[in-house]
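Structure file query_9.cif with mmCIF, C-alpha atoms:
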data_input
loop_
_atom_site.label_atom_id
_atom_site.label_comp_id
_atom_site.auth_asym_id
_atom_site.auth_seq_id
_atom_site.Cartn_x
_atom_site.Cartn_y
_atom_site.Cartn_z
CA MET A 1 87.40 58.16 98.09
CA ALA A 2 89.33 60.04 100.70
CA SER A 3 90.79 63.36 99.71
CA THR A 4 92.85 65.96 101.47
CA LEU A 5 92.90 69.69 100.85
CA ILE A 6 96.32 71.15 101.43
CA THR A 7 96.20 73.69 104.25
CA VAL A 8 98.69 76.47 104.85
CA ALA A 9 98.93 78.96 107.68
CA ASP A 10 99.47 82.11 105.66
CA THR A 11 100.62 83.61 102.38
CA SER A 12 104.28 82.97 103.11
CA ALA A 13 103.59 79.29 103.62
CA ARG A 14 101.52 79.17 100.44
CA ASP A 15 104.26 80.83 98.43
CA ALA A 16 106.79 78.30 99.70
CA LEU A 17 104.91 75.51 97.92
CA SER A 18 105.88 74.11 94.51
CA PRO A 19 102.44 73.60 93.02
CA ALA A 20 101.21 72.24 89.71
CA ILE A 21 98.53 74.08 87.77
CA GLY A 22 95.17 73.39 89.33
CA ASP A 23 96.48 72.62 92.81
CA THR A 24 94.19 74.04 95.44
CA VAL A 25 95.23 75.25 98.87
CA TYR A 26 93.17 76.43 101.83
CA GLN A 27 94.77 79.36 103.67
CA ILE A 28 93.94 79.57 107.36
CA ASP A 29 94.76 83.17 108.18
CA ASN A 30 92.39 84.72 105.66
CA ASN A 31 90.00 81.83 105.09
CA LYS A 32 90.64 81.84 101.34
CA ILE A 33 90.88 79.13 98.72
CA ASN A 34 93.91 79.55 96.45
CA VAL A 35 94.10 77.84 93.06
CA CYS A 36 97.36 77.76 91.09
CA SER A 37 96.53 79.11 87.65
CA SER A 38 99.95 79.24 86.00
CA LEU A 39 103.64 78.55 86.54
CA GLY A 40 106.87 80.42 85.94
CA PRO A 41 106.17 82.42 88.01
CA VAL A 42 103.53 80.76 90.10
CA VAL A 43 100.24 82.65 90.03
CA TRP A 44 97.55 81.98 92.62
CA GLN A 45 93.93 82.91 92.17
CA SER A 46 92.38 83.58 95.57
CA TYR A 47 88.73 83.13 96.36
CA ASP A 48 86.88 84.39 99.41
CA SER A 49 85.04 82.12 101.75
CA ASP A 50 81.25 82.11 101.45
CA GLY A 51 81.16 82.82 105.15
CA THR A 52 80.52 79.27 106.19
CA GLY A 53 82.85 78.52 109.01
CA GLY A 54 83.24 82.18 109.92
CA TYR A 55 86.21 84.47 109.58
CA ALA A 56 89.62 83.65 110.98
CA LEU A 57 91.00 86.88 112.39
CA ASP A 58 94.48 85.47 112.79
CA GLY A 59 94.35 81.75 112.25
CA SER A 60 93.34 80.90 115.78
CA ASN A 61 90.56 83.35 116.66
CA THR A 62 87.55 82.79 114.41
CA ILE A 63 84.33 84.77 114.53
CA THR A 64 81.03 83.78 113.01
CA ALA A 65 80.36 86.99 111.09
CA VAL A 66 82.55 87.79 108.07
CA PRO A 67 83.32 91.52 107.98
CA ASN A 68 82.32 93.67 105.03
CA PHE A 69 85.88 94.89 105.18
CA HIS A 70 88.88 94.37 107.41
CA PHE A 71 91.75 96.76 106.80
CA ASP A 72 95.04 95.76 108.41
CA ALA A 73 98.01 98.14 108.37
CA ALA A 74 100.37 95.18 108.38
CA LYS A 75 98.93 94.07 105.03
CA ILE A 76 98.19 97.17 103.00
CA ASN A 77 97.38 95.03 99.95
CA GLY A 78 95.08 92.83 102.04
CA VAL A 79 97.24 89.77 101.50
CA ASP A 80 100.79 90.15 102.74
CA ALA A 81 103.52 92.71 103.49
CA SER A 82 104.72 93.06 99.91
CA GLY A 83 102.55 96.11 99.27
CA ASN A 84 103.56 98.00 102.39
CA PRO A 85 105.33 101.35 102.00
CA SER A 86 108.78 101.85 103.45
CA ASN A 87 108.90 102.94 107.06
CA ALA A 88 107.80 106.57 107.61
CA ALA A 89 106.66 106.98 104.00
CA SER A 90 103.29 108.30 102.90
CA LEU A 91 100.69 105.81 101.73
CA THR A 92 100.24 106.59 98.06
CA THR A 93 98.30 103.46 97.16
CA ALA A 94 94.89 102.10 98.04
CA TRP A 95 94.36 100.20 101.30
CA THR A 96 92.79 96.85 100.49
CA SER A 97 90.62 94.82 102.82
CA LYS A 98 91.51 91.28 103.87
CA THR A 99 87.95 90.34 102.93
CA ASN A 100 85.73 90.78 99.91
CA GLY A 101 88.31 92.63 97.83
CA ALA A 102 86.99 95.93 99.20
CA ALA A 103 89.44 98.81 99.03
CA THR A 104 89.83 102.50 99.53
CA PHE A 105 90.86 104.75 96.68
CA ALA A 106 94.45 105.91 96.55
CA GLN A 107 94.67 109.40 98.07
CA GLY A 108 95.83 111.78 95.37
CA THR A 109 96.53 114.78 97.59
CA GLY A 110 99.94 114.41 99.21
CA ALA A 111 99.13 116.36 102.35
CA GLN A 112 96.14 114.09 102.99
CA GLN A 113 98.00 110.79 102.70
CA PRO A 114 98.51 108.90 105.97
CA THR A 115 102.05 107.93 106.92
CA TRP A 116 102.90 104.25 107.34
CA TYR A 117 105.13 103.06 110.17
CA SER A 118 106.40 99.51 110.44
CA SER A 119 106.42 99.19 114.21
CA GLY A 120 104.25 100.59 116.97
CA THR A 121 102.40 98.90 119.80
CA SER A 122 103.62 95.31 120.13
CA SER A 123 105.81 95.93 117.08
CA GLU A 124 102.72 96.03 114.85
CA SER A 125 102.43 98.33 111.82
CA TYR A 126 100.17 101.36 111.78
CA LEU A 127 99.07 104.36 109.75
CA SER A 128 99.58 107.78 111.27
CA THR A 129 97.04 110.45 110.38
CA GLY A 130 97.29 114.18 110.82
CA GLY A 131 94.07 115.85 111.86
CA GLY A 132 92.46 119.19 111.32
CA SER A 133 91.71 120.94 108.08
CA GLY A 134 93.11 119.06 105.13
CA GLY A 135 93.99 116.18 107.43
CA ASP A 136 94.60 112.68 106.22
CA THR A 137 91.78 110.64 104.78
CA LEU A 138 91.19 107.74 102.46
CA MET A 139 88.00 107.78 100.48
CA ALA A 140 86.03 104.77 99.39
CA ASP A 141 83.22 103.96 97.02
CA PHE A 142 80.46 103.93 99.60
CA ARG A 143 77.96 102.79 97.02
CA SER A 144 79.77 99.50 96.64
CA THR A 145 78.35 96.36 98.12
CA PHE A 146 80.59 96.38 101.14
CA MET A 147 81.02 100.06 102.04
CA GLY A 148 77.32 100.77 102.39
CA PRO A 149 74.71 101.95 102.65
CA ILE A 150 74.02 99.86 105.72
CA SER A 151 70.66 100.29 107.36
CA GLY A 152 69.97 98.93 110.80
CA ALA A 153 72.57 97.18 112.88
CA PHE A 154 76.28 97.45 112.30
CA THR A 155 79.58 97.08 114.13
CA MET A 156 82.63 99.24 113.41
CA MET A 157 85.88 98.17 114.99
CA GLY A 158 89.18 100.02 115.14
CA VAL A 159 92.44 99.35 116.93
CA MET A 160 93.61 102.92 117.30
CA GLU A 161 95.47 105.45 119.40
CA GLN A 162 94.76 109.16 119.66
CA VAL A 163 97.71 111.53 119.37
CA GLY A 164 97.41 114.75 121.34
CA THR A 165 94.03 116.23 122.10
CA ALA A 166 92.82 116.89 118.57
CA ASP A 167 89.84 115.24 116.94
CA PHE A 168 89.71 111.49 116.78
CA SER A 169 87.49 109.18 114.76
CA MET A 170 87.30 106.07 112.63
CA GLY A 171 85.36 108.04 110.05
CA GLY A 172 82.55 106.88 107.86
CA GLY A 173 79.45 108.85 107.01
CA VAL A 174 75.71 108.66 107.21
CA LEU A 175 72.57 109.25 105.18
CA GLY A 176 69.23 110.28 106.59
CA ALA A 177 67.38 113.27 107.96
CA VAL A 178 70.20 115.71 108.38
CA THR A 179 70.72 119.20 109.63
CA SER A 180 74.33 119.47 108.50
CA PRO A 181 76.48 118.06 105.71
CA THR A 182 75.33 114.68 104.51
CA TRP A 183 77.72 111.72 104.52
CA GLN A 184 80.31 113.93 106.18
CA THR A 185 79.25 113.01 109.70
CA SER A 186 80.68 109.89 111.25
CA PRO A 187 78.83 107.59 113.65
CA TRP A 188 81.37 108.49 116.33
CA TRP A 189 83.72 111.40 116.74
CA ASN A 190 85.73 112.52 119.76
CA ASN A 191 86.21 116.26 120.03
CA ALA A 192 87.94 117.96 122.96
CA GLY A 193 87.29 115.07 125.30
CA THR A 194 83.65 114.53 124.37
CA ASP A 195 82.28 111.64 122.33
CA TYR A 196 79.77 112.72 119.70
CA ASN A 197 77.54 110.18 118.01
CA TYR A 198 76.26 111.47 114.66
CA TYR A 199 77.25 115.05 115.39
CA GLY A 200 75.36 117.29 113.00
CA GLN A 201 72.36 115.00 112.92
CA THR A 202 69.17 115.56 114.84
CA GLY A 203 70.03 115.09 118.47
CA ALA A 204 73.81 115.30 118.09
CA ASP A 205 74.14 112.88 120.98
CA SER A 206 77.20 113.52 123.06
CA GLY A 207 78.70 112.39 126.32
CA ALA A 208 81.84 111.93 128.30
CA LYS A 209 84.30 109.16 127.54
CA PRO A 210 83.40 105.76 128.94
CA THR A 211 84.61 104.90 132.39
CA PHE A 212 86.55 101.77 133.06
CA ALA A 213 85.33 99.38 135.67
CA SER A 214 87.47 99.62 138.75
CA GLY A 215 89.77 96.74 139.28
CA SER A 216 93.30 95.59 139.63
CA GLY A 217 95.66 97.79 137.69
CA ASN A 218 93.22 100.60 137.12
CA GLY A 219 94.45 102.64 140.04
CA SER A 220 92.41 105.69 140.80
CA THR A 221 91.96 106.72 137.19
CA ALA A 222 88.66 105.55 135.81
CA VAL A 223 87.96 107.64 132.72
CA ALA A 224 89.29 106.23 129.48
CA SER A 225 92.19 108.03 127.87
CA TYR A 226 92.37 107.51 124.14
CA THR A 227 96.09 108.28 123.89
CA VAL A 228 97.06 104.64 124.24
CA THR A 229 96.30 101.89 121.75
CA ARG A 230 92.76 100.73 122.39
CA LEU A 231 90.01 98.63 120.86
CA PHE A 232 87.15 100.90 119.76
CA MET A 233 83.80 99.46 118.77
CA VAL A 234 80.84 101.52 117.55
CA VAL A 235 77.77 99.32 117.64
CA ARG A 236 74.25 100.01 116.42
CA ASP A 237 71.87 97.32 117.59
CA SER A 238 68.67 96.08 116.00
CA SER A 239 66.73 98.84 117.78
CA ASN A 240 68.98 101.50 116.20
CA ASN A 241 70.67 102.38 119.49
CA THR A 242 74.29 103.31 118.82
CA ARG A 243 76.92 103.06 121.53
CA LEU A 244 80.68 103.42 121.72
CA PHE A 245 82.59 100.66 123.50
CA VAL A 246 86.23 101.13 124.47
CA ASP A 247 88.54 98.22 125.23
CA GLY A 248 85.70 95.76 125.52
CA ASN A 249 82.50 96.29 127.39
CA ASN A 250 83.22 99.79 128.68
CA THR A 251 80.65 102.35 127.56
CA ASN A 252 78.99 105.54 128.69
CA THR A 253 75.45 104.34 129.29
CA ALA A 254 74.21 107.92 129.09
CA ASN A 255 75.50 108.35 125.54
CA VAL A 256 73.17 106.36 123.32
CA ALA A 257 72.28 107.71 119.90
CA THR A 258 69.03 106.80 118.19
CA PHE A 259 69.78 108.04 114.68
CA THR A 260 68.33 105.64 112.09
CA GLY A 261 69.96 106.77 108.84
CA ASP A 262 72.12 104.55 106.69
CA LEU A 263 75.84 104.15 107.34
CA LEU A 264 78.24 104.85 104.49
CA MET A 265 81.94 104.07 104.68
CA SER A 266 82.79 107.16 102.70
CA ASN A 267 85.81 108.90 104.23
CA MET A 268 88.11 107.10 106.61
CA TRP A 269 89.15 109.23 109.64
CA GLN A 270 86.70 112.00 108.83
CA GLY A 271 85.02 112.98 112.09
CA TYR A 272 82.73 115.73 110.95
CA SER A 273 82.77 117.66 107.67
CA THR A 274 86.01 117.92 105.76
CA VAL A 275 87.88 119.91 108.38
CA TYR A 276 87.62 117.75 111.53
CA MET A 277 89.87 114.81 110.73
CA SER A 278 91.29 112.23 113.08
CA GLN A 279 94.77 112.64 114.49
CA GLY A 280 96.20 109.35 115.63
CA HIS A 281 97.46 105.89 114.82
CA THR A 282 95.36 103.19 113.18
CA TYR A 283 96.42 99.56 113.27
CA GLU A 284 93.31 98.04 111.79
CA MET A 285 89.68 98.78 111.09
CA ALA A 286 86.73 96.56 110.25
CA LEU A 287 83.01 96.84 109.58
CA TRP A 288 80.18 94.33 109.88
CA ASP A 289 76.59 94.90 108.73
CA SER A 290 75.31 93.39 111.95
CA ASP A 291 75.51 93.75 115.70
CA LEU A 292 78.09 91.10 116.47
CA SER A 293 77.10 88.36 118.85
CA THR A 294 78.45 88.43 122.38
CA SER A 295 80.66 85.51 121.49
CA ASP A 296 82.10 87.28 118.44
CA LYS A 297 82.73 90.47 120.42
CA ASN A 298 84.59 88.53 123.06
CA THR A 299 86.61 86.73 120.39
CA LEU A 300 87.58 90.13 119.01
CA ILE A 301 88.87 91.05 122.46
CA THR A 302 90.88 87.83 122.64
CA TYR A 303 92.33 88.52 119.21
CA VAL A 304 93.29 92.10 120.09
CA ASN A 305 94.81 90.98 123.38
CA SER A 306 96.83 88.38 121.53
CA ARG A 307 98.09 90.73 118.87
CA TYR A 308 98.53 94.02 120.71
CA GLY A 309 98.82 92.98 124.33
CA THR A 310 96.22 93.37 127.00
CA GLY A 311 94.58 96.72 127.56
CA ARG A 312 96.08 99.61 129.44
CA ASN A 313 94.62 101.67 132.23
CA ALA A 314 93.61 105.25 131.71
CA ASP A 315 97.02 106.79 132.31
CA ASP A 316 98.95 103.96 130.64
CA THR A 317 100.77 102.97 133.80
CA ASP A 318 99.58 99.41 134.11
CA ASP A 319 97.83 96.55 132.42
CA LEU A 320 94.08 96.46 132.52
CA ALA A 321 92.32 93.49 131.03
CA ARG A 322 89.74 94.39 128.44
CA ALA A 323 86.25 93.83 129.82
CA THR A 324 84.33 91.01 128.20
CA PHE A 325 80.72 91.37 127.10
CA MET B 1 100.51 118.47 110.77
CA LYS B 2 101.19 122.18 111.08
CA TYR B 3 99.58 125.02 109.15
CA LYS B 4 100.49 128.31 107.54
CA LEU B 5 97.87 130.92 106.75
CA TYR B 6 98.01 133.04 103.62
CA ALA B 7 96.15 136.30 103.12
CA THR B 8 95.70 135.76 99.40
CA LEU B 9 94.87 132.83 97.17
CA SER B 10 97.79 133.73 94.92
CA GLY B 11 100.16 133.44 97.89
CA TRP B 12 98.75 130.04 98.78
CA THR B 13 98.90 128.84 95.19
CA SER B 14 102.45 130.04 94.71
CA ARG B 15 103.64 128.11 97.76
CA ASN B 16 101.70 125.01 96.77
CA ASP B 17 103.25 125.16 93.32
CA SER B 18 106.75 125.49 94.76
CA LEU B 19 106.20 122.47 97.04
CA GLU B 20 104.90 120.41 94.14
CA SER B 21 107.95 121.37 92.14
CA HIS B 22 110.26 120.47 95.02
CA PHE B 23 108.65 117.06 95.48
CA GLY B 24 108.14 116.29 91.80
CA ILE B 25 104.37 116.18 92.12
CA PRO B 26 102.44 114.89 90.13
CA ASN B 27 104.10 111.62 91.05
CA GLY B 28 102.29 108.31 90.56
CA ASN B 29 98.96 108.43 92.35
CA THR B 30 99.82 111.75 93.96
CA VAL B 31 98.41 114.51 91.79
CA CYS B 32 98.81 117.55 94.04
CA TYR B 33 100.39 118.57 97.34
CA ALA B 34 97.39 120.19 99.02
CA GLU B 35 93.86 121.41 98.43
CA VAL B 36 92.90 124.94 99.33
CA SER B 37 90.57 125.73 102.19
CA GLN B 38 89.69 128.93 104.01
CA VAL B 39 88.96 130.11 107.51
CA THR B 40 85.16 130.35 107.52
CA ASN B 41 84.41 131.73 110.96
CA PRO B 42 83.69 135.47 110.56
CA ASP B 43 84.41 135.97 114.26
CA ASN B 44 87.96 134.66 113.90
CA SER B 45 90.76 137.16 113.36
CA ASP B 46 92.05 135.04 110.47
CA TYR B 47 88.68 135.00 108.70
CA GLU B 48 88.96 134.21 104.97
CA LYS B 49 92.67 133.44 105.12
CA TYR B 50 93.86 130.47 103.11
CA ILE B 51 95.02 127.39 105.00
CA MET B 52 98.14 125.52 103.87
CA PRO B 53 98.65 122.15 105.59
CA VAL B 54 102.34 121.58 106.31
CA CYS B 55 103.31 117.93 106.61
CA THR B 56 105.54 117.10 109.58
CA GLU B 57 105.97 113.43 108.66
CA GLY B 58 105.88 111.15 105.66
CA THR B 59 107.10 111.48 102.11
CA TRP B 60 105.89 115.07 101.79
CA LYS B 61 107.36 116.32 105.05
CA CYS B 62 108.13 119.98 104.46
CA ASP B 63 107.96 121.82 107.77
CA ASP B 64 111.69 122.43 107.44
CA ARG B 65 110.98 124.52 104.33
CA PHE B 66 108.94 127.04 106.31
CA ASN B 67 109.90 129.58 108.92
CA ALA B 68 109.00 127.72 112.10
CA SER B 69 107.70 130.88 113.74
CA GLU B 70 105.08 131.20 111.00
CA LEU B 71 103.63 127.73 111.49
CA VAL B 72 100.59 127.31 113.70
CA ASN B 73 98.54 124.47 115.07
CA TRP B 74 95.11 123.71 113.71
CA ASP B 75 92.46 125.87 115.35
CA GLU B 76 88.87 124.68 115.65
CA ASP B 77 87.80 128.31 115.90
CA TRP B 78 88.70 128.73 112.24
CA PHE B 79 85.40 127.13 111.34
CA ALA B 80 81.92 128.32 112.07
CA ASP B 81 80.39 124.89 112.56
CA ALA B 82 82.61 123.65 115.41
CA PRO B 83 80.80 122.07 118.35
CA GLU B 84 79.87 124.40 121.15
CA LEU B 85 82.02 123.17 124.02
#
Could you write out this file's structure as structure tokens?
Amino acid sequence: MASTLITVADTSARDALSPAIGDTVYQIDNNKINVCSSLGPVVWQSYDSDGTGGYALDGSNTITAVPNFHFDAAKINGVDASGNPSNAASLTTAWTSKTNGAATFAQGTGAQQPTWYSSGTSSESYLSTGGGSGGDTLMADFRSTFMGPISGAFTMMGVMEQVGTADFSMGGGVLGAVTSPTWQTSPWWNNAGTDYNYYGQTGADSGAKPTFASGSGNGSTAVASYTVTRLFMVVRDSSNNTRLFVDGNNTNTANVATFTGDLLMSNMWQGYSTVYMSQGHTYEMALWDSDLSTSDKNTLITYVNSRYGTGRNADDTDDLARATF
Amino acid sequence: MKYKLYATLSGWTSRNDSLESHFGIPNGNTVCYAEVSQVTNPDNSDYEKYIMPVCTEGTWKCDDRFNASELVNWDEDWFADAPEL
């Protein structure tokens, strides 16, 4: 007997349907199965994919590995725009992942709440964070299944932009042999132009920002500026070597950390301890408990190019295609 | 974000209380305006002063409620464990 599963592009298309109880719809943009559980009003129960078939980043770019979490500033509730704050308002609610139901806690301290803006690069939404002492952060239950601890390989991804010259980081924390505050040290933190991997841990690996491969559009400026919207990826491979990649396959080959402790997604935007917080704009952030395949990394680049435009050169004067892996 | 330094905890607390009153905090998930922290670097001239974060954007923007000349930028030298650059 032939059967057809109704397929919709996104939540808006799903909500435009007139279902009966029990109707089941596959949603392309988040790879979820939606089952109508009641009417008047219509209530959908959404179920995550088991990972088979991968994860559709945007409906057209699908990667094999499903992220532990994928926070998207355009969908604060993880589903659609209905939970977004008004433009230029503080985020007083949790930020919910598009996968696995993972979420941050709501930030209860007003001065530490990020500010939500509806339109930034390519008219996409972002969260603005103030850095320094008492800077903005969202905490998460890092003992949950999806926030950590993660031993071995992982991939952190952020589409972000630094503001000014203050500290800049995706955040997160670590466990392990430590010489400074535990789970208050992020896998990567930029401070005064230097990238620190696991600052405060044994080794405190540090190095200059990655250089961009010379090429059309890059002019004479080769060192990455972080004050334009870029794709950041912090990757620890199966040998516990951690590297920062900026706008694709651009990395400082001299800055490779070998710290082996577990990763915890404890405090978003916390660079190091509670007083070095990230100052910048965050469009989205994701975490995988694996070193993504070359194919998946390149699909991420395609997705980011599609959504935010192609990369920019170091002084933001021209386009510079993100380097593939 | 800007900052104002207070010499005493009572001064910091008084200002925090007045901001919470102005904004109607507690309000929903927001239970306080700021959390107190101190300058911890004994070599800094502002050692042990109390740091008040002053929001320059968002719902709790309040920089216009301070004397602009008293607001300062965040200073890494406030803290003893800053990286050696």
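Taking atom CA of A:Ile33 and atom CA of A:Tyr283 as endpoints, the distance between them is 25.7 Å.
Closest approach to chain A from the set B:Phe66, B:Tyr33, B:Phe79, B:Phe23 is made by B:Tyr33, with distances taken over all atoms listed in the file.
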Counting only C-alpha atoms, chain B residues within 10 Å of chain A, as a ChimeraX atom specification: /B:1-3,20,23,25-39,51-62,73-76,78-79,81-83,85
Can I get the selected residues back with C-alpha atoms, as an mmCIF file, keeping the file's coordinate frame?
data_model
loop_
_atom_site.group_PDB
_atom_site.id
_atom_site.type_symbol
_atom_site.label_atom_id
_atom_site.label_comp_id
_atom_site.auth_asym_id
_atom_site.auth_seq_id
_atom_site.Cartn_x
_atom_site.Cartn_y
_atom_site.Cartn_z
ATOM 1 C CA MET B 1 100.510 118.470 110.770
ATOM 2 C CA LYS B 2 101.190 122.180 111.080
ATOM 3 C CA TYR B 3 99.580 125.020 109.150
ATOM 4 C CA GLU B 20 104.900 120.410 94.140
ATOM 5 C CA PHE B 23 108.650 117.060 95.480
ATOM 6 C CA ILE B 25 104.370 116.180 92.120
ATOM 7 C CA PRO B 26 102.440 114.890 90.130
ATOM 8 C CA ASN B 27 104.100 111.620 91.050
ATOM 9 C CA GLY B 28 102.290 108.310 90.560
ATOM 10 C CA ASN B 29 98.960 108.430 92.350
ATOM 11 C CA THR B 30 99.820 111.750 93.960
ATOM 12 C CA VAL B 31 98.410 114.510 91.790
ATOM 13 C CA CYS B 32 98.810 117.550 94.040
ATOM 14 C CA TYR B 33 100.390 118.570 97.340
ATOM 15 C CA ALA B 34 97.390 120.190 99.020
ATOM 16 C CA GLU B 35 93.860 121.410 98.430
ATOM 17 C CA VAL B 36 92.900 124.940 99.330
ATOM 18 C CA SER B 37 90.570 125.730 102.190
ATOM 19 C CA GLN B 38 89.690 128.930 104.010
ATOM 20 C CA VAL B 39 88.960 130.110 107.510
ATOM 21 C CA ILE B 51 95.020 127.390 105.000
ATOM 22 C CA MET B 52 98.140 125.520 103.870
ATOM 23 C CA PRO B 53 98.650 122.150 105.590
ATOM 24 C CA VAL B 54 102.340 121.580 106.310
ATOM 25 C CA CYS B 55 103.310 117.930 106.610
ATOM 26 C CA THR B 56 105.540 117.100 109.580
ATOM 27 C CA GLU B 57 105.970 113.430 108.660
ATOM 28 C CA GLY B 58 105.880 111.150 105.660
ATOM 29 C CA THR B 59 107.100 111.480 102.110
ATOM 30 C CA TRP B 60 105.890 115.070 101.790
ATOM 31 C CA LYS B 61 107.360 116.320 105.050
ATOM 32 C CA CYS B 62 108.130 119.980 104.460
ATOM 33 C CA ASN B 73 98.540 124.470 115.070
ATOM 34 C CA TRP B 74 95.110 123.710 113.710
ATOM 35 C CA ASP B 75 92.460 125.870 115.350
ATOM 36 C CA GLU B 76 88.870 124.680 115.650
ATOM 37 C CA TRP B 78 88.700 128.730 112.240
ATOM 38 C CA PHE B 79 85.400 127.130 111.340
ATOM 39 C CA ASP B 81 80.390 124.890 112.560
ATOM 40 C CA ALA B 82 82.610 123.650 115.410
ATOM 41 C CA PRO B 83 80.800 122.070 118.350
ATOM 42 C CA LEU B 85 82.020 123.170 124.020
#
If we draw a sphere of 8 Å around (96.9, 82.4, 106.6), which residues have at least one atom in it when counting only C-alpha atoms? Please report them as a list in words. Val8, Ala9, Asp10, Thr11, Ala13, Gln27, Ile28, Asp29, Asn30, Asn31, Asp58 and Gly59 of chain A
Could you check the closest approach to B:Leu5 for each of B:His22, B:Asn41, B:Asp46, B:Arg65 and tell me which residue wins, using only C-alpha atoms? B:Asp46
Spell out the residues picked by the PyMOL selection byres ((chain B and resi 6-8) around 8) here, as a PyMOL selection string. chain B and resi 4-5+9-12+48-52
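The space separating atom CA of A:Val43 from atom CA of A:Asp23 comes to 11.1 Å.
Interatomic distance, atom CA of A:Tyr26 against atom CA of A:Trp44: 11.6 Å.
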Within 10 Å of (79.8, 107.4, 109.0), in the coordinates the file gives, what residues turn up when you count all atoms listed in the file, written out as an mmCIF file with C-alpha atoms, in the coordinates of the input?
data_model
loop_
_atom_site.group_PDB
_atom_site.id
_atom_site.type_symbol
_atom_site.label_atom_id
_atom_site.label_comp_id
_atom_site.auth_asym_id
_atom_site.auth_seq_id
_atom_site.Cartn_x
_atom_site.Cartn_y
_atom_site.Cartn_z
ATOM 1 C CA GLY A 148 77.320 100.770 102.390
ATOM 2 C CA PRO A 149 74.710 101.950 102.650
ATOM 3 C CA MET A 156 82.630 99.240 113.410
ATOM 4 C CA SER A 169 87.490 109.180 114.760
ATOM 5 C CA MET A 170 87.300 106.070 112.630
ATOM 6 C CA GLY A 171 85.360 108.040 110.050
ATOM 7 C CA GLY A 172 82.550 106.880 107.860
ATOM 8 C CA GLY A 173 79.450 108.850 107.010
ATOM 9 C CA VAL A 174 75.710 108.660 107.210
ATOM 10 C CA LEU A 175 72.570 109.250 105.180
ATOM 11 C CA THR A 182 75.330 114.680 104.510
ATOM 12 C CA TRP A 183 77.720 111.720 104.520
ATOM 13 C CA GLN A 184 80.310 113.930 106.180
ATOM 14 C CA THR A 185 79.250 113.010 109.700
ATOM 15 C CA SER A 186 80.680 109.890 111.250
ATOM 16 C CA PRO A 187 78.830 107.590 113.650
ATOM 17 C CA TRP A 188 81.370 108.490 116.330
ATOM 18 C CA TRP A 189 83.720 111.400 116.740
ATOM 19 C CA ASN A 197 77.540 110.180 118.010
ATOM 20 C CA TYR A 198 76.260 111.470 114.660
ATOM 21 C CA GLY A 261 69.960 106.770 108.840
ATOM 22 C CA ASP A 262 72.120 104.550 106.690
ATOM 23 C CA LEU A 263 75.840 104.150 107.340
ATOM 24 C CA LEU A 264 78.240 104.850 104.490
ATOM 25 C CA MET A 265 81.940 104.070 104.680
ATOM 26 C CA SER A 266 82.790 107.160 102.700
ATOM 27 C CA ASN A 267 85.810 108.900 104.230
ATOM 28 C CA MET A 268 88.110 107.100 106.610
ATOM 29 C CA TRP A 269 89.150 109.230 109.640
ATOM 30 C CA GLN A 270 86.700 112.000 108.830
ATOM 31 C CA GLY A 271 85.020 112.980 112.090
ATOM 32 C CA TYR A 272 82.730 115.730 110.950
#
Where's the centre, and what are the edge lengths in Å to one decimal, of a box along x, y and z enclosing all listed atoms of stretch 73-77 of chain A padded 3 Å per side, as JSON?
{"center_x": 98.9, "center_y": 96.1, "center_z": 104.2, "size_x": 9.0, "size_y": 10.1, "size_z": 14.4}
Exercise: A:His281 partners within 6 Å, all atoms listed in the file, chain neighbours under 2 positions left out, as a ChimeraX atom specification: /A:127-128,160-161
Saved selection, atoms kept: C-alpha atoms, as a JSON list (two decimals), keeping the file's coordinate frame:
[["chain", "number", "residue", "atom", "x", "y", "z"],
["A", 127, "LEU", "CA", 99.07, 104.36, 109.75],
["A", 128, "SER", "CA", 99.58, 107.78, 111.27],
["A", 160, "MET", "CA", 93.61, 102.92, 117.30],
["A", 161, "GLU", "CA", 95.47, 105.45, 119.40]]
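Residue membership of the PyMOL selection byres ((chain A and resi 71) around 8) in the shown file amounts to Phe69, His70, Asp72, Ala73, Lys75, Ile76, Gly78, Trp95, Thr96, Ser97, Lys98, Glu284, Met285 and Ala286 of chain A.
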Close residues, A:Ser290 itself excluded, 7 Å, all atoms listed in the file, min 2 positions apart in chain, as JSON, numbers by chain: {"A": [153, 154, 155, 288, 292]}
Please evaluate the PyMOL selection byres ((chain A and resi 162) around 6) against the structure above and give the resulting residues as a PyMOL selection string. chain A and resi 161+163+226-227+280
Residue completion, stretch 10-15 of chain A, N, CA and C atoms, as a PDB file, in the coordinates of the input:
ATOM      1  N   ASP A  10      99.534  80.730 106.147  1.00  0.00           N
ATOM      2  CA  ASP A  10      99.470  82.110 105.660  1.00  0.00           C
ATOM      3  C   ASP A  10     100.053  82.202 104.254  1.00  0.00           C
ATOM      4  N   THR A  11     100.161  83.411 103.751  1.00  0.00           N
ATOM      5  CA  THR A  11     100.620  83.610 102.380  1.00  0.00           C
ATOM      6  C   THR A  11     102.072  83.171 102.205  1.00  0.00           C
ATOM      7  N   SER A  12     102.878  83.390 103.209  1.00  0.00           N
ATOM      8  CA  SER A  12     104.280  82.970 103.110  1.00  0.00           C
ATOM      9  C   SER A  12     104.383  81.470 102.945  1.00  0.00           C
ATOM     10  N   ALA A  13     103.580  80.751 103.719  1.00  0.00           N
ATOM     11  CA  ALA A  13     103.590  79.290 103.620  1.00  0.00           C
ATOM     12  C   ALA A  13     103.060  78.828 102.264  1.00  0.00           C
ATOM     13  N   ARG A  14     102.057  79.518 101.761  1.00  0.00           N
ATOM     14  CA  ARG A  14     101.520  79.170 100.440  1.00  0.00           C
ATOM     15  C   ARG A  14     102.580  79.369  99.362  1.00  0.00           C
ATOM     16  N   ASP A  15     103.282  80.512  99.462  1.00  0.00           N
ATOM     17  CA  ASP A  15     104.260  80.830  98.430  1.00  0.00           C
ATOM     18  C   ASP A  15     105.500  79.949  98.498  1.00  0.00           C
TER      19      ASP A  15
END
